[in-house]
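Enquirer: Pasting a structure here, questions to come.
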Amino acid sequence: MLHTLLHSPSHSDLETLILMTEAGDDLLLLQDGVLAAVAGSRALQTLAASPATLWVLEEDVQARGLAGQISTSVQSVDYNGFVTLTIRHPQQMVW
């Protein structure tokens, strides 16, 4: 399943999100959700417990001026990569 986090981690139930993820899932952080990918953040520590692979949408990182602050443990993806993730996962859940 593809999980997409669109909202700021401070306005999201990250614990429930983690409970809903399984091995083989992907979690894409986009819009204000990219804030959860900031290195050393509490949100990133929480999401690191998820079995899902973490991705961040590069365009949203750039738009928020966070390019130098994103953790190297989160993989970056552009819009083409976003499309690839949606094709790979017919089931999706938006957070």
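Starting from 1 in every chain, residues are counted up; chains themselves are A, B, ... following the order of the structure tokens, and ligands are numbered from 1 as listed.
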If we count only C-alpha atoms and set the cut-off at 10 Å, which residues sit around stretch 28-31 of chain A, ignoring sequence neighbours fewer than 5 positions away in its own chain? Please answer as a PDB file with C-alpha atoms, in the first residue's frame.
Expert:
ATOM      1  CA  LEU A   2       1.112   3.560  -0.634  1.00  0.00           C
ATOM      2  CA  HIS A   3       0.613   5.892   2.314  1.00  0.00           C
ATOM      3  CA  THR A   4       0.861   9.621   1.621  1.00  0.00           C
ATOM      4  CA  LEU A   5       1.333  12.110   4.438  1.00  0.00           C
ATOM      5  CA  LEU A   6       0.157  15.548   3.290  1.00  0.00           C
ATOM      6  CA  HIS A   7      -0.151  17.387   6.586  1.00  0.00           C
ATOM      7  CA  SER A   8       2.369  18.723   9.046  1.00  0.00           C
ATOM      8  CA  PRO A   9       3.464  15.987  11.463  1.00  0.00           C
ATOM      9  CA  ALA A  36       8.536  14.874   8.952  1.00  0.00           C
ATOM     10  CA  ALA A  37      11.725  14.163   6.972  1.00  0.00           C
ATOM     11  CA  ALA A  52       7.427   1.080   5.183  1.00  0.00           C
ATOM     12  CA  THR A  53      10.059   2.653   2.946  1.00  0.00           C
ATOM     13  CA  LEU A  54      10.125   6.430   3.492  1.00  0.00           C
ATOM     14  CA  TRP A  55      10.105   8.775   0.489  1.00  0.00           C
ATOM     15  CA  VAL A  56       9.974  12.568   0.250  1.00  0.00           C
ATOM     16  CA  LEU A  57       8.781  14.586  -2.748  1.00  0.00           C
ATOM     17  CA  GLU A  58      11.754  16.700  -3.828  1.00  0.00           C
ATOM     18  CA  GLU A  59       9.665  19.539  -5.314  1.00  0.00           C
ATOM     19  CA  ASP A  60       7.876  20.081  -1.981  1.00  0.00           C
ATOM     20  CA  VAL A  61      11.188  20.000  -0.103  1.00  0.00           C
ATOM     21  CA  ALA A  63       9.367  24.781  -2.171  1.00  0.00           C
ATOM     22  CA  ARG A  64       9.753  24.878   1.624  1.00  0.00           C
ATOM     23  CA  VAL A  74      14.619   9.237   3.539  1.00  0.00           C
ATOM     24  CA  GLN A  75      14.738   8.641  -0.197  1.00  0.00           C
ATOM     25  CA  SER A  76      13.996  11.558  -2.486  1.00  0.00           C
ATOM     26  CA  VAL A  77      11.608  11.211  -5.414  1.00  0.00           C
ATOM     27  CA  PHE A  82       5.568   9.648  -7.408  1.00  0.00           C
ATOM     28  CA  LEU A  85       4.842   4.630  -6.601  1.00  0.00           C
ATOM     29  CA  VAL A  94      -3.935   9.531   2.500  1.00  0.00           C
ATOM     30  CA  TRP A  95      -2.983  10.906   5.901  1.00  0.00           C
TER      31      TRP A  95
END
Enquirer: Assign secondary structure with DSSP using the backbone only, and return the residues of chain A in strand (DSSP E) as a ChimeraX atom specification.
Expert: /A:2-5,26-29,53-57,75-77,92-94
Enquirer: Can you write just those residues out, N, CA and C atoms, as a PDB file, in the first residue's frame?
Expert:
ATOM      1  N   LEU A   2       0.431   2.281  -0.657  1.00  0.00           N
ATOM      2  CA  LEU A   2       1.112   3.560  -0.634  1.00  0.00           C
ATOM      3  C   LEU A   2       0.397   4.468   0.359  1.00  0.00           C
ATOM      4  N   HIS A   3       1.124   4.931   1.340  1.00  0.00           N
ATOM      5  CA  HIS A   3       0.613   5.892   2.314  1.00  0.00           C
ATOM      6  C   HIS A   3       1.195   7.245   1.936  1.00  0.00           C
ATOM      7  N   THR A   4       0.370   8.277   1.904  1.00  0.00           N
ATOM      8  CA  THR A   4       0.861   9.621   1.621  1.00  0.00           C
ATOM      9  C   THR A   4       0.510  10.524   2.795  1.00  0.00           C
ATOM     10  N   LEU A   5       1.524  11.171   3.336  1.00  0.00           N
ATOM     11  CA  LEU A   5       1.333  12.110   4.438  1.00  0.00           C
ATOM     12  C   LEU A   5       1.403  13.518   3.863  1.00  0.00           C
ATOM     13  N   ASP A  26       5.016   1.647   1.053  1.00  0.00           N
ATOM     14  CA  ASP A  26       5.793   2.857   0.870  1.00  0.00           C
ATOM     15  C   ASP A  26       5.044   4.004   1.523  1.00  0.00           C
ATOM     16  N   LEU A  27       5.792   4.926   2.121  1.00  0.00           N
ATOM     17  CA  LEU A  27       5.221   6.113   2.749  1.00  0.00           C
ATOM     18  C   LEU A  27       5.863   7.326   2.104  1.00  0.00           C
ATOM     19  N   LEU A  28       5.041   8.101   1.393  1.00  0.00           N
ATOM     20  CA  LEU A  28       5.516   9.291   0.688  1.00  0.00           C
ATOM     21  C   LEU A  28       5.120  10.532   1.469  1.00  0.00           C
ATOM     22  N   LEU A  29       6.107  11.350   1.786  1.00  0.00           N
ATOM     23  CA  LEU A  29       5.876  12.617   2.474  1.00  0.00           C
ATOM     24  C   LEU A  29       5.814  13.713   1.419  1.00  0.00           C
ATOM     25  N   THR A  53       8.957   1.860   3.486  1.00  0.00           N
ATOM     26  CA  THR A  53      10.059   2.653   2.946  1.00  0.00           C
ATOM     27  C   THR A  53       9.620   4.110   2.911  1.00  0.00           C
ATOM     28  N   LEU A  54      10.460   5.009   3.432  1.00  0.00           N
ATOM     29  CA  LEU A  54      10.125   6.430   3.492  1.00  0.00           C
ATOM     30  C   LEU A  54      10.646   7.161   2.264  1.00  0.00           C
ATOM     31  N   TRP A  55       9.782   7.966   1.667  1.00  0.00           N
ATOM     32  CA  TRP A  55      10.105   8.775   0.489  1.00  0.00           C
ATOM     33  C   TRP A  55       9.692  10.214   0.776  1.00  0.00           C
ATOM     34  N   VAL A  56      10.349  11.160   0.137  1.00  0.00           N
ATOM     35  CA  VAL A  56       9.974  12.568   0.250  1.00  0.00           C
ATOM     36  C   VAL A  56       9.935  13.158  -1.159  1.00  0.00           C
ATOM     37  N   LEU A  57       8.923  13.968  -1.432  1.00  0.00           N
ATOM     38  CA  LEU A  57       8.781  14.586  -2.748  1.00  0.00           C
ATOM     39  C   LEU A  57       9.710  15.793  -2.840  1.00  0.00           C
ATOM     40  N   GLN A  75      14.410   8.587   1.224  1.00  0.00           N
ATOM     41  CA  GLN A  75      14.738   8.641  -0.197  1.00  0.00           C
ATOM     42  C   GLN A  75      13.948   9.754  -0.883  1.00  0.00           C
ATOM     43  N   SER A  76      14.621  10.468  -1.755  1.00  0.00           N
ATOM     44  CA  SER A  76      13.996  11.558  -2.486  1.00  0.00           C
ATOM     45  C   SER A  76      13.402  11.035  -3.787  1.00  0.00           C
ATOM     46  N   VAL A  77      12.275  11.614  -4.183  1.00  0.00           N
ATOM     47  CA  VAL A  77      11.608  11.211  -5.414  1.00  0.00           C
ATOM     48  C   VAL A  77      11.020  12.458  -6.068  1.00  0.00           C
ATOM     49  N   GLN A  92      -4.153   2.882  -1.848  1.00  0.00           N
ATOM     50  CA  GLN A  92      -3.482   4.028  -1.263  1.00  0.00           C
ATOM     51  C   GLN A  92      -4.284   4.575  -0.096  1.00  0.00           C
ATOM     52  N   MET A  93      -3.564   5.145   0.865  1.00  0.00           N
ATOM     53  CA  MET A  93      -4.207   5.777   2.012  1.00  0.00           C
ATOM     54  C   MET A  93      -3.565   7.140   2.220  1.00  0.00           C
ATOM     55  N   VAL A  94      -4.410   8.161   2.319  1.00  0.00           N
ATOM     56  CA  VAL A  94      -3.935   9.531   2.500  1.00  0.00           C
ATOM     57  C   VAL A  94      -4.068   9.908   3.972  1.00  0.00           C
TER      58      VAL A  94
END
Enquirer: Which residues come within 8 Å of A:Ser50, counting only C-alpha atoms, excluding same-chain residues fewer than 6 positions away, as a list in words?
Expert: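 The neighbour list is Ile18, Leu19, Thr21 and Glu22 of chain A.
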Enquirer: Could you work out how far atom CA of A:Thr46 lies from atom CA of A:Leu17, giving the answer in Å with one decimal?
Expert: 10.0 Å
Enquirer: Could you jot down the atom CA of A:Ala43 to atom CA of A:Gln62 separation for me, Å, one decimal place?
Expert: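 According to the coordinates, atom CA of A:Ala43 and atom CA of A:Gln62 are separated by 19.2 Å.
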Enquirer: List every residue of chain A that DSSP, applied to the backbone of this structure, assigns to alpha helix (DSSP H), and report them as a list in words.
Expert: Leu14, Glu15, Thr16, Leu17, Ile18, Leu19, Met20, Arg42, Ala43, Leu44, Gln45, Thr46, Leu47, Glu58, Glu59, Asp60, Val61, Gln62, Ala63, Tyr79, Asn80, Gly81, Phe82, Val83, Thr84, Leu85, Thr86, Ile87 and Arg88 of chain A
Enquirer: Give me, please, the distance in Å between atom CA of A:Ser71 and atom CA of A:Asp25, quoted to one decimal.
Expert: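 So the answer is 19.5 Å.
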